[in-house]
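As provided, run07.cif (mmCIF, C-alpha atoms) reads as follows.
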```
data_run
loop_
_atom_site.label_atom_id
_atom_site.label_comp_id
_atom_site.auth_asym_id
_atom_site.auth_seq_id
_atom_site.Cartn_x
_atom_site.Cartn_y
_atom_site.Cartn_z
CA MET A 26 -175.89 -25.97 -57.15
CA SER A 27 -174.86 -27.85 -60.27
CA GLN A 28 -177.01 -30.83 -61.16
CA GLN A 29 -175.03 -31.81 -64.24
CA LEU A 30 -172.28 -34.38 -64.50
CA LYS A 31 -169.21 -33.38 -66.52
CA ARG A 32 -168.57 -34.98 -69.91
CA ARG A 33 -164.91 -35.95 -69.60
CA ILE A 34 -164.75 -39.57 -70.81
CA GLY A 35 -163.68 -40.67 -74.29
CA LEU A 36 -163.72 -44.01 -76.08
CA GLY A 37 -160.36 -45.22 -74.74
CA LEU A 38 -161.13 -44.81 -71.04
CA LEU A 39 -164.71 -46.05 -71.42
CA THR A 40 -163.51 -49.19 -73.21
CA ALA A 41 -160.88 -49.78 -70.50
CA TYR A 42 -163.67 -49.41 -67.93
CA GLY A 43 -165.78 -52.01 -69.74
CA ILE A 44 -162.92 -54.49 -70.04
CA GLY A 45 -161.95 -53.90 -66.41
CA VAL A 46 -165.47 -54.62 -65.18
CA MET A 47 -165.66 -57.88 -67.13
CA VAL A 48 -162.09 -59.13 -66.68
CA GLY A 49 -162.46 -59.51 -62.95
CA ALA A 50 -161.79 -62.21 -60.44
CA GLY A 51 -164.24 -64.56 -62.18
CA ILE A 52 -161.75 -65.73 -64.79
CA TYR A 53 -159.40 -66.85 -62.01
CA VAL A 54 -161.87 -69.49 -60.80
CA LEU A 55 -164.21 -70.13 -63.74
CA VAL A 56 -161.60 -71.75 -65.97
CA GLY A 57 -161.58 -74.92 -63.88
CA ALA A 58 -165.38 -75.16 -63.71
CA VAL A 59 -165.74 -74.69 -67.47
CA ALA A 60 -162.97 -77.22 -68.17
CA ALA A 61 -164.81 -79.75 -66.01
CA GLU A 62 -167.79 -79.48 -68.39
CA ALA A 63 -166.15 -78.95 -71.80
CA GLY A 64 -162.73 -80.58 -71.41
CA VAL A 65 -160.05 -79.37 -73.81
CA LEU A 66 -162.75 -77.52 -75.75
CA ALA A 67 -163.30 -75.15 -72.83
CA PRO A 68 -161.88 -72.22 -74.89
CA LEU A 69 -164.69 -72.86 -77.38
CA ALA A 70 -167.17 -72.63 -74.49
CA PHE A 71 -165.81 -69.18 -73.60
CA LEU A 72 -166.14 -68.00 -77.20
CA LEU A 73 -169.67 -69.39 -77.29
CA ALA A 74 -170.43 -67.54 -74.05
CA GLY A 75 -169.26 -64.33 -75.71
CA LEU A 76 -171.66 -65.03 -78.58
CA ILE A 77 -174.47 -65.67 -76.06
CA ALA A 78 -173.77 -62.31 -74.43
CA ALA A 79 -173.42 -60.49 -77.76
CA PRO A 80 -177.12 -60.03 -78.67
CA THR A 81 -177.93 -58.54 -75.26
CA ALA A 82 -174.82 -56.34 -75.46
CA LEU A 83 -175.97 -55.12 -78.87
CA SER A 84 -179.44 -54.42 -77.46
CA TYR A 85 -177.77 -52.29 -74.79
CA ALA A 86 -175.72 -50.60 -77.51
CA GLU A 87 -178.81 -49.57 -79.51
CA PHE A 88 -180.67 -48.39 -76.41
CA SER A 89 -177.63 -46.40 -75.29
CA SER A 90 -177.80 -44.42 -78.54
CA ARG A 91 -181.55 -43.89 -78.13
CA LEU A 92 -181.43 -42.87 -74.45
CA PRO A 93 -177.94 -41.79 -73.34
CA GLU A 94 -178.90 -41.40 -69.66
CA ALA A 95 -177.14 -42.25 -66.38
CA ALA A 96 -179.91 -44.60 -65.24
CA GLY A 97 -179.42 -46.77 -68.33
CA GLU A 98 -181.51 -49.90 -67.79
CA ALA A 99 -184.14 -47.96 -65.85
CA ALA A 100 -184.57 -45.52 -68.74
CA TYR A 101 -184.68 -48.34 -71.31
CA VAL A 102 -187.25 -50.45 -69.49
CA GLY A 103 -189.29 -47.39 -68.51
CA GLN A 104 -189.60 -46.25 -72.11
CA GLY A 105 -190.05 -49.73 -73.60
CA PHE A 106 -192.87 -50.64 -71.21
CA ASN A 107 -194.08 -47.04 -70.80
CA SER A 108 -193.97 -47.48 -67.02
CA LYS A 109 -192.38 -45.14 -64.48
CA PHE A 110 -192.81 -47.72 -61.72
CA PHE A 111 -191.05 -50.40 -63.77
CA ALA A 112 -188.20 -47.98 -64.48
CA ILE A 113 -187.65 -47.18 -60.79
CA PHE A 114 -187.90 -50.86 -59.81
CA VAL A 115 -185.32 -51.96 -62.38
CA GLY A 116 -183.00 -49.05 -61.50
CA LEU A 117 -183.07 -49.90 -57.80
CA ALA A 118 -182.49 -53.58 -58.61
CA VAL A 119 -179.36 -52.61 -60.59
CA VAL A 120 -178.15 -50.43 -57.69
CA VAL A 121 -178.65 -53.24 -55.17
CA ALA A 122 -177.00 -55.81 -57.45
CA GLY A 123 -173.98 -53.57 -58.03
CA THR A 124 -173.67 -52.77 -54.32
CA VAL A 125 -173.85 -56.40 -53.21
CA SER A 126 -171.41 -57.44 -55.95
CA ALA A 127 -168.97 -54.75 -54.87
CA GLY A 128 -169.29 -55.82 -51.22
CA ALA A 129 -168.54 -59.44 -52.08
CA VAL A 130 -165.54 -58.49 -54.20
CA LEU A 131 -164.26 -56.08 -51.53
CA ARG A 132 -164.36 -58.81 -48.91
CA GLY A 133 -162.44 -61.19 -51.19
CA GLY A 134 -159.87 -58.58 -52.15
CA ALA A 135 -159.34 -57.57 -48.53
CA GLY A 136 -158.76 -61.23 -47.68
CA TYR A 137 -156.02 -61.51 -50.32
CA PHE A 138 -154.51 -58.21 -49.13
CA ALA A 139 -154.57 -59.30 -45.48
CA ALA A 140 -152.91 -62.63 -46.32
CA ALA A 141 -150.13 -60.84 -48.23
CA THR A 142 -149.46 -58.05 -45.71
CA GLY A 143 -150.58 -59.38 -42.33
CA ILE A 144 -153.00 -56.46 -41.89
CA ASP A 145 -156.33 -57.32 -40.25
CA ALA A 146 -158.92 -58.12 -42.90
CA GLU A 147 -161.60 -55.91 -41.33
CA LEU A 148 -159.23 -52.94 -41.29
CA ALA A 149 -158.35 -53.71 -44.89
CA ILE A 150 -162.05 -53.60 -45.85
CA ILE A 151 -162.47 -50.18 -44.25
CA GLY A 152 -159.21 -48.77 -45.63
CA MET A 153 -159.67 -50.07 -49.17
CA GLY A 154 -163.35 -49.17 -49.27
CA ALA A 155 -162.82 -45.63 -47.99
CA ALA A 156 -159.95 -45.02 -50.42
CA LEU A 157 -162.02 -46.15 -53.40
CA VAL A 158 -165.00 -44.01 -52.38
CA LEU A 159 -162.66 -41.01 -52.08
CA VAL A 160 -161.32 -41.62 -55.61
CA ALA A 161 -164.89 -41.91 -56.93
CA ILE A 162 -165.79 -38.58 -55.30
CA ILE A 163 -162.71 -36.71 -56.53
CA GLY A 164 -163.62 -37.15 -60.19
CA VAL A 165 -164.80 -39.50 -62.91
CA LEU A 166 -161.66 -38.92 -64.99
CA GLU A 167 -159.48 -39.81 -62.00
CA SER A 168 -161.63 -42.87 -61.28
CA PHE A 169 -161.44 -44.06 -64.87
CA ALA A 170 -157.70 -43.44 -65.02
CA LEU A 171 -157.24 -45.65 -61.95
CA VAL A 172 -159.57 -48.28 -63.45
CA ALA A 173 -157.46 -48.21 -66.62
CA VAL A 174 -154.28 -48.79 -64.58
CA PHE A 175 -155.85 -51.67 -62.66
CA THR A 176 -157.19 -53.14 -65.92
CA LEU A 177 -153.74 -52.99 -67.48
CA ILE A 178 -152.28 -54.83 -64.47
CA GLU A 179 -155.00 -57.50 -64.72
CA VAL A 180 -154.50 -57.99 -68.45
CA LEU A 181 -150.71 -58.15 -68.07
CA GLY A 182 -151.13 -60.81 -65.39
CA LEU A 183 -153.37 -62.86 -67.65
CA ALA A 184 -150.90 -62.35 -70.52
CA LEU A 185 -148.20 -63.86 -68.30
CA VAL A 186 -150.46 -66.87 -67.69
CA VAL A 187 -150.99 -67.26 -71.44
CA TRP A 188 -147.24 -66.98 -72.06
CA ALA A 189 -146.54 -69.57 -69.36
CA GLY A 190 -149.12 -71.93 -70.80
CA PHE A 191 -147.64 -71.84 -74.29
CA SER A 192 -143.98 -71.90 -73.25
CA THR A 193 -144.06 -75.39 -71.76
CA SER A 194 -144.87 -78.87 -72.99
CA ALA A 195 -148.52 -79.82 -73.39
CA SER A 196 -150.30 -82.04 -70.87
CA PRO A 197 -151.13 -85.69 -71.62
CA ASP A 198 -154.82 -84.78 -71.89
CA TRP A 199 -154.07 -82.20 -74.56
CA ASN A 200 -151.79 -84.55 -76.50
CA ALA A 201 -154.37 -87.33 -76.37
CA ALA A 202 -157.20 -85.13 -77.65
CA LEU A 203 -158.88 -86.10 -80.90
CA PRO A 204 -158.94 -83.73 -83.90
CA LEU A 205 -161.48 -80.93 -83.47
CA ALA A 206 -163.92 -82.27 -86.07
CA GLU A 207 -164.05 -85.65 -84.31
CA MET A 208 -164.33 -84.14 -80.82
CA ILE A 209 -167.31 -81.99 -81.73
CA THR A 210 -169.22 -85.06 -82.92
CA THR A 211 -168.38 -87.07 -79.77
CA PRO A 212 -171.64 -87.99 -77.95
CA GLY A 213 -172.25 -85.78 -74.90
CA LEU A 214 -169.45 -83.33 -75.63
CA ALA A 215 -171.74 -80.78 -77.28
CA THR A 216 -173.85 -80.78 -74.12
CA GLY A 217 -170.71 -80.25 -72.03
CA ILE A 218 -169.67 -77.31 -74.19
CA ALA A 219 -173.17 -75.82 -73.84
CA PHE A 220 -173.14 -76.13 -70.05
CA GLY A 221 -169.60 -74.76 -69.98
CA ALA A 222 -170.76 -71.78 -72.05
CA VAL A 223 -173.55 -71.06 -69.56
CA LEU A 224 -171.01 -71.06 -66.73
CA ALA A 225 -168.63 -68.89 -68.72
CA PHE A 226 -171.46 -66.45 -69.50
CA PHE A 227 -171.21 -65.07 -65.97
CA ALA A 228 -167.64 -63.95 -66.67
CA PHE A 229 -169.05 -61.55 -69.29
CA ILE A 230 -171.50 -59.80 -66.99
CA GLY A 231 -170.34 -56.19 -66.67
CA PHE A 232 -170.74 -54.80 -70.18
CA GLU A 233 -174.09 -53.39 -69.03
CA ASP A 234 -172.33 -51.03 -66.61
CA ILE A 235 -170.97 -48.99 -69.53
CA VAL A 236 -174.35 -47.47 -70.38
CA ASN A 237 -174.72 -45.89 -66.95
CA MET A 238 -171.80 -43.56 -67.68
CA ALA A 239 -173.74 -41.93 -70.55
CA GLU A 240 -173.96 -38.46 -69.03
CA GLU A 241 -170.19 -38.25 -68.55
CA VAL A 242 -169.19 -39.46 -72.02
CA ARG A 243 -168.38 -37.14 -74.87
CA ASN A 244 -170.63 -37.82 -77.89
CA PRO A 245 -172.41 -40.72 -76.11
CA THR A 246 -174.62 -41.81 -79.03
CA ARG A 247 -171.46 -42.77 -80.95
CA ILE A 248 -169.01 -43.76 -78.19
CA LEU A 249 -171.28 -45.89 -75.97
CA PRO A 250 -172.13 -48.52 -78.64
CA GLN A 251 -168.49 -48.66 -79.77
CA ALA A 252 -167.22 -49.18 -76.22
CA ILE A 253 -169.73 -51.98 -75.57
CA VAL A 254 -168.85 -53.89 -78.75
CA ILE A 255 -165.07 -53.45 -78.39
CA SER A 256 -165.08 -54.41 -74.69
CA LEU A 257 -167.02 -57.61 -75.33
CA ALA A 258 -164.83 -58.60 -78.29
CA VAL A 259 -161.54 -57.98 -76.46
CA THR A 260 -162.74 -59.79 -73.34
CA SER A 261 -163.86 -62.82 -75.37
CA VAL A 262 -160.40 -63.13 -76.95
CA ILE A 263 -158.63 -62.74 -73.59
CA TYR A 264 -160.81 -65.38 -71.95
CA ALA A 265 -160.37 -67.85 -74.81
CA LEU A 266 -156.57 -67.46 -74.81
CA VAL A 267 -156.32 -67.84 -71.03
CA CYS A 268 -158.53 -70.92 -71.09
CA TRP A 269 -156.62 -72.38 -74.03
CA ALA A 270 -153.34 -71.98 -72.15
CA ALA A 271 -154.86 -73.62 -69.08
CA VAL A 272 -156.31 -76.72 -70.75
CA ARG A 273 -153.14 -77.13 -72.82
CA THR A 274 -150.86 -77.09 -69.79
CA VAL A 275 -152.66 -78.64 -66.81
CA PRO A 276 -154.34 -82.08 -66.69
CA LEU A 277 -158.11 -81.64 -66.77
CA ASP A 278 -158.78 -83.38 -63.44
CA ALA A 279 -156.34 -81.11 -61.62
CA LEU A 280 -157.72 -78.04 -63.38
CA ALA A 281 -161.34 -78.91 -62.54
CA SER A 282 -160.66 -79.58 -58.85
CA SER A 283 -158.47 -76.52 -58.18
CA ASP A 284 -159.62 -73.32 -56.45
CA SER A 285 -156.83 -71.43 -58.23
CA PRO A 286 -156.53 -73.00 -61.71
CA LEU A 287 -154.45 -70.19 -63.22
CA ALA A 288 -151.85 -70.61 -60.50
CA LEU A 289 -151.52 -74.24 -61.64
CA VAL A 290 -150.69 -73.04 -65.15
CA TRP A 291 -147.81 -70.94 -63.83
CA GLN A 292 -146.56 -73.65 -61.47
CA GLN A 293 -146.68 -76.30 -64.19
CA SER A 294 -144.67 -74.09 -66.54
CA GLN A 295 -142.38 -72.01 -64.33
CA GLY A 296 -142.49 -73.57 -60.88
CA GLY A 297 -142.83 -71.51 -57.72
CA ASN A 298 -146.00 -70.59 -55.89
CA ALA A 299 -147.49 -68.04 -58.33
CA ARG A 300 -147.97 -65.61 -55.45
CA PHE A 301 -148.00 -62.70 -57.89
CA LEU A 302 -151.41 -63.90 -59.07
CA SER A 303 -152.75 -63.22 -55.57
CA ALA A 304 -151.42 -59.67 -55.82
CA ILE A 305 -153.13 -59.28 -59.20
CA ALA A 306 -156.34 -60.62 -57.65
CA VAL A 307 -156.19 -57.68 -55.19
CA PHE A 308 -155.97 -55.24 -58.11
CA ALA A 309 -158.84 -57.08 -59.83
CA ALA A 310 -160.92 -56.71 -56.67
CA LEU A 311 -160.10 -53.01 -56.33
CA ASN A 312 -161.00 -52.52 -59.97
CA GLY A 313 -164.32 -54.29 -59.60
CA VAL A 314 -165.29 -52.41 -56.44
CA LEU A 315 -164.41 -48.98 -57.87
CA ALA A 316 -166.23 -49.71 -61.13
CA GLN A 317 -169.38 -50.82 -59.27
CA ILE A 318 -169.34 -47.81 -56.93
CA VAL A 319 -169.05 -45.47 -59.92
CA MET A 320 -171.79 -47.32 -61.81
CA ALA A 321 -174.31 -47.64 -58.95
CA SER A 322 -173.93 -44.00 -57.93
CA ARG A 323 -174.68 -42.90 -61.51
CA VAL A 324 -177.81 -45.06 -61.60
CA LEU A 325 -178.94 -43.51 -58.30
CA TYR A 326 -178.19 -40.05 -59.73
CA GLY A 327 -180.26 -40.90 -62.81
CA LEU A 328 -183.16 -42.22 -60.72
CA GLY A 329 -183.13 -38.93 -58.80
CA GLY A 330 -184.40 -37.25 -61.95
CA ARG A 331 -187.27 -39.73 -62.28
CA THR A 332 -188.89 -39.69 -58.85
CA THR A 333 -189.14 -37.08 -56.09
CA GLY A 334 -188.40 -39.77 -53.52
CA LEU A 335 -184.82 -39.97 -54.78
CA ALA A 336 -184.46 -36.34 -55.94
CA VAL A 337 -181.88 -35.65 -53.21
CA PHE A 338 -179.41 -37.78 -55.21
CA ARG A 339 -179.90 -35.75 -58.42
CA HIS A 340 -176.99 -33.55 -57.42
CA ALA A 341 -173.46 -33.22 -58.74
CA HIS A 342 -170.67 -31.32 -56.98
CA PRO A 343 -170.20 -27.92 -58.69
CA ARG A 344 -166.43 -28.29 -58.96
CA LEU A 345 -165.80 -32.03 -59.02
CA GLY A 346 -168.75 -32.82 -61.26
CA THR A 347 -169.48 -36.10 -59.46
CA PRO A 348 -172.65 -37.28 -57.66
CA VAL A 349 -171.14 -37.02 -54.16
CA ARG A 350 -174.29 -37.84 -52.18
CA ALA A 351 -175.04 -40.93 -54.22
CA THR A 352 -171.39 -42.02 -54.10
CA VAL A 353 -171.18 -41.72 -50.29
CA LEU A 354 -174.38 -43.70 -49.82
CA ILE A 355 -173.27 -46.45 -52.20
CA GLY A 356 -169.83 -46.55 -50.54
CA LEU A 357 -171.36 -47.02 -47.08
CA ALA A 358 -173.71 -49.70 -48.43
CA VAL A 359 -170.76 -51.54 -49.99
CA LEU A 360 -168.96 -51.57 -46.62
CA VAL A 361 -172.10 -52.93 -44.92
CA ALA A 362 -172.40 -55.63 -47.59
CA ALA A 363 -168.73 -56.56 -47.18
CA TYR A 364 -169.12 -56.92 -43.40
CA TRP A 365 -172.49 -58.45 -42.69
CA LEU A 366 -174.35 -59.83 -45.66
CA PRO A 367 -174.32 -63.57 -46.59
CA VAL A 368 -172.31 -63.03 -49.73
CA VAL A 369 -172.55 -66.48 -51.32
CA GLN A 370 -176.35 -66.50 -51.36
CA LEU A 371 -176.59 -62.86 -52.36
CA ALA A 372 -174.11 -63.34 -55.19
CA SER A 373 -176.48 -65.93 -56.64
CA VAL A 374 -179.42 -63.55 -56.26
CA THR A 375 -177.35 -60.80 -57.89
CA SER A 376 -176.67 -62.94 -60.96
CA ALA A 377 -180.36 -63.84 -61.25
CA THR A 378 -181.30 -60.17 -60.88
CA LEU A 379 -178.94 -59.08 -63.67
CA LEU A 380 -180.15 -61.83 -65.99
CA SER A 381 -183.73 -60.74 -65.28
CA VAL A 382 -182.75 -57.19 -66.21
CA PHE A 383 -181.24 -58.52 -69.45
CA VAL A 384 -184.57 -60.19 -70.24
CA LEU A 385 -186.46 -56.95 -69.61
CA VAL A 386 -184.05 -54.79 -71.64
CA ASN A 387 -184.30 -57.10 -74.66
CA LEU A 388 -188.09 -57.19 -74.40
CA ALA A 389 -188.22 -53.39 -73.99
CA LEU A 390 -186.13 -52.93 -77.15
CA ILE A 391 -188.45 -55.25 -79.08
CA LEU A 392 -191.41 -53.09 -78.04
CA GLN A 393 -189.55 -49.85 -78.76
CA LYS A 394 -188.36 -50.94 -82.20
CA ARG A 395 -191.94 -51.80 -83.16
CA ARG A 396 -193.06 -48.28 -82.20
CA GLN A 397 -189.99 -46.37 -83.42
CA PRO A 398 -187.56 -48.30 -85.67
CA GLU A 399 -185.09 -45.45 -86.23
CA ALA A 400 -182.12 -44.97 -83.90
CA PRO A 401 -178.60 -43.46 -84.16
CA PHE A 402 -177.19 -46.99 -83.73
CA GLN A 403 -179.43 -49.78 -84.96
CA VAL A 404 -179.32 -53.57 -84.79
CA PRO A 405 -181.60 -55.96 -86.69
CA PHE A 406 -184.92 -56.79 -85.03
CA ALA A 407 -183.75 -60.38 -84.59
CA VAL A 408 -180.97 -59.29 -82.22
CA PRO A 409 -183.14 -58.43 -79.17
CA VAL A 410 -185.33 -61.46 -79.93
CA VAL A 411 -182.31 -63.78 -79.79
CA GLY A 412 -180.99 -61.86 -76.76
CA LEU A 413 -184.33 -62.38 -74.99
CA ILE A 414 -184.35 -66.12 -75.68
CA LEU A 415 -180.71 -66.63 -74.65
CA SER A 416 -181.13 -64.53 -71.48
CA LEU A 417 -184.22 -66.54 -70.51
CA LEU A 418 -182.32 -69.79 -71.06
CA ALA A 419 -179.35 -68.55 -69.02
CA LEU A 420 -181.68 -67.39 -66.25
CA ALA A 421 -183.54 -70.71 -66.19
CA THR A 422 -180.25 -72.62 -66.12
CA ALA A 423 -178.84 -70.45 -63.35
CA VAL A 424 -181.96 -70.65 -61.17
CA GLY A 425 -182.22 -74.40 -61.79
CA GLY A 426 -178.60 -74.85 -60.71
CA TRP A 427 -179.21 -73.08 -57.38
CA MET A 428 -182.49 -74.85 -56.48
#
```
Please rewrite the model in this file as structure tokens.
Amino acid sequence: MSQQLKRRIGLGLLTAYGIGVMVGAGIYVLVGAVAAEAGVLAPLAFLLAGLIAAPTALSYAEFSSRLPEAAGEAAYVGQGFNSKFFAIFVGLAVVVAGTVSAGAVLRGGAGYFAAATGIDAELAIIGMGAALVLVAIIGVLESFALVAVFTLIEVLGLALVVWAGFSTSASPDWNAALPLAEMITTPGLATGIAFGAVLAFFAFIGFEDIVNMAEEVRNPTRILPQAIVISLAVTSVIYALVCWAAVRTVPLDALASSDSPLALVWQQSQGGNARFLSAIAVFAALNGVLAQIVMASRVLYGLGGRTTGLAVFRHAHPRLGTPVRATVLIGLAVLVAAYWLPVVQLASVTSATLLSVFVLVNLALILQKRRQPEAPFQVPFAVPVVGLILSLLALATAVGGWM
């Protein structure tokens, strides 16, 4: 039996995967929350959030060139701390976080699909989930091609929102805004931008999934760092433009209180009910679920090579070249999460888990760079130090907000 995954992914598809994971349903609801904190400077908060995420993303990029393995974070933390137990613990935490996240997104996407078609939501969960698992089993190239299509649909939808926002007259709030230099010095506004950036930071979570595809990427030591950097940069620009269009078009109070702020942008500019955004939200959900199933199954495959307890998952189909056993298990777990788990609470735990992993990866890179400075892709020593500090601050802010 083959135990090797097939290297079929290049820079283009891997970058599309990274953008697709990040540009998910979060942007559809986060714009209003960020605008409530930062006002018309909400686009600046999104750019700042991208800068907050950048050091950790660069830490992942260097580690991905040092250890191009499927169980990315597990390998990084295991080597940095020289601990097999720590590696397995972190790997399983990433698997659980990805599975719960996929379950939550699948439930939301099925709800949108059921509302649009009249099909029972529970049947939609089963049908959509089974179809995505089947695609993930058939092949990584097929999975990534579908992710690329879904990502293109998402980005086109957001481009339409940007076009709508800039093709109509500006709102009174936008017209009444002070010049940028004066706004930045306004008492309290800097704090609002900072809090807005912390909220927006969660829209960038997803770049870390890229590293878990290492064993299916051609020339991973070169392509993985490039895909991480490009994905984060493109996503930051998309988010800033979408947010700029929103705060320019819709009064801030309406934007902050809306559950569907991007629909308000379209309605303000073009009229109608913006139902097409609900359809795009279904594609965003499908994209997120497929990406998480692919990612979590690769982490489980990678962990199978690190402990005999999970060795059964260190298996790839001889012809398809995919980790079928791991994919089936993750798919079933996603369906269970979509049906029975308290998603709101678990989504909060998932975010805290991922931020904790960010802290550990940055700290592991600090330790590793002290022992062995050389790497195929290197970042300055200050990068993981700043990434550690910013991840700790984001984690403390997130936990404080939920307590």
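When all atoms listed in the file are used to compute distances to Leu83 in chain A, the closest of the residues A:Ala195, A:Ala219, A:Ile305, A:Ala258 turns out to be A:Ala258.
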Practice problem: Given the file shown, determine the residues that the PyMOL selection byres ((chain A and resi 412) around 12) selects; report them as a VMD selection string. | Solution: chain A and resid 76 to 85 380 to 391 404 to 411 413 to 420
Next, the residues of the selection above should be written as a PDB file, in the frame of the given file with C-alpha atoms.
```
ATOM      1  CA  LEU A  76    -171.660 -65.030 -78.580  1.00  0.00           C
ATOM      2  CA  ILE A  77    -174.470 -65.670 -76.060  1.00  0.00           C
ATOM      3  CA  ALA A  78    -173.770 -62.310 -74.430  1.00  0.00           C
ATOM      4  CA  ALA A  79    -173.420 -60.490 -77.760  1.00  0.00           C
ATOM      5  CA  PRO A  80    -177.120 -60.030 -78.670  1.00  0.00           C
ATOM      6  CA  THR A  81    -177.930 -58.540 -75.260  1.00  0.00           C
ATOM      7  CA  ALA A  82    -174.820 -56.340 -75.460  1.00  0.00           C
ATOM      8  CA  LEU A  83    -175.970 -55.120 -78.870  1.00  0.00           C
ATOM      9  CA  SER A  84    -179.440 -54.420 -77.460  1.00  0.00           C
ATOM     10  CA  TYR A  85    -177.770 -52.290 -74.790  1.00  0.00           C
ATOM     11  CA  LEU A 380    -180.150 -61.830 -65.990  1.00  0.00           C
ATOM     12  CA  SER A 381    -183.730 -60.740 -65.280  1.00  0.00           C
ATOM     13  CA  VAL A 382    -182.750 -57.190 -66.210  1.00  0.00           C
ATOM     14  CA  PHE A 383    -181.240 -58.520 -69.450  1.00  0.00           C
ATOM     15  CA  VAL A 384    -184.570 -60.190 -70.240  1.00  0.00           C
ATOM     16  CA  LEU A 385    -186.460 -56.950 -69.610  1.00  0.00           C
ATOM     17  CA  VAL A 386    -184.050 -54.790 -71.640  1.00  0.00           C
ATOM     18  CA  ASN A 387    -184.300 -57.100 -74.660  1.00  0.00           C
ATOM     19  CA  LEU A 388    -188.090 -57.190 -74.400  1.00  0.00           C
ATOM     20  CA  ALA A 389    -188.220 -53.390 -73.990  1.00  0.00           C
ATOM     21  CA  LEU A 390    -186.130 -52.930 -77.150  1.00  0.00           C
ATOM     22  CA  ILE A 391    -188.450 -55.250 -79.080  1.00  0.00           C
ATOM     23  CA  VAL A 404    -179.320 -53.570 -84.790  1.00  0.00           C
ATOM     24  CA  PRO A 405    -181.600 -55.960 -86.690  1.00  0.00           C
ATOM     25  CA  PHE A 406    -184.920 -56.790 -85.030  1.00  0.00           C
ATOM     26  CA  ALA A 407    -183.750 -60.380 -84.590  1.00  0.00           C
ATOM     27  CA  VAL A 408    -180.970 -59.290 -82.220  1.00  0.00           C
ATOM     28  CA  PRO A 409    -183.140 -58.430 -79.170  1.00  0.00           C
ATOM     29  CA  VAL A 410    -185.330 -61.460 -79.930  1.00  0.00           C
ATOM     30  CA  VAL A 411    -182.310 -63.780 -79.790  1.00  0.00           C
ATOM     31  CA  LEU A 413    -184.330 -62.380 -74.990  1.00  0.00           C
ATOM     32  CA  ILE A 414    -184.350 -66.120 -75.680  1.00  0.00           C
ATOM     33  CA  LEU A 415    -180.710 -66.630 -74.650  1.00  0.00           C
ATOM     34  CA  SER A 416    -181.130 -64.530 -71.480  1.00  0.00           C
ATOM     35  CA  LEU A 417    -184.220 -66.540 -70.510  1.00  0.00           C
ATOM     36  CA  LEU A 418    -182.320 -69.790 -71.060  1.00  0.00           C
ATOM     37  CA  ALA A 419    -179.350 -68.550 -69.020  1.00  0.00           C
ATOM     38  CA  LEU A 420    -181.680 -67.390 -66.250  1.00  0.00           C
TER      39      LEU A 420
END
```
Quiz item: Written as JSON, numbers by chain, what is the full residue list that the PyMOL selection byres ((chain A and resi 106-110) around 9) yields on the file shown?
Solution: {"A": [99, 100, 101, 102, 103, 104, 105, 111, 112, 113, 114, 115, 331, 332, 388, 389, 392, 393]}
Quiz item: So which one's closest to Leu30 in chain A, A:Met238, A:Ala358, A:Ala281, A:Val174? Using all atoms listed in the file, please.
Solution: A:Met238
Exercise. Please write as a PyMOL selection string the list of polymer residues whose atoms come within 12 Å of (-148.9, -64.6, -74.8), counting only C-alpha atoms and keeping to the coordinates of the file.
Key: chain A and resi 180-192+262-263+265-267+269-270
Just write the chosen residues, C-alpha atoms, as a tab-separated table (two decimals), keeping the file's coordinate frame.
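File produced: result29.tsv:
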```
chain	number	residue	atom	x	y	z
A	180	VAL	CA	-154.50	-57.99	-68.45
A	181	LEU	CA	-150.71	-58.15	-68.07
A	182	GLY	CA	-151.13	-60.81	-65.39
A	183	LEU	CA	-153.37	-62.86	-67.65
A	184	ALA	CA	-150.90	-62.35	-70.52
A	185	LEU	CA	-148.20	-63.86	-68.30
A	186	VAL	CA	-150.46	-66.87	-67.69
A	187	VAL	CA	-150.99	-67.26	-71.44
A	188	TRP	CA	-147.24	-66.98	-72.06
A	189	ALA	CA	-146.54	-69.57	-69.36
A	190	GLY	CA	-149.12	-71.93	-70.80
A	191	PHE	CA	-147.64	-71.84	-74.29
A	192	SER	CA	-143.98	-71.90	-73.25
A	262	VAL	CA	-160.40	-63.13	-76.95
A	263	ILE	CA	-158.63	-62.74	-73.59
A	265	ALA	CA	-160.37	-67.85	-74.81
A	266	LEU	CA	-156.57	-67.46	-74.81
A	267	VAL	CA	-156.32	-67.84	-71.03
A	269	TRP	CA	-156.62	-72.38	-74.03
A	270	ALA	CA	-153.34	-71.98	-72.15
```
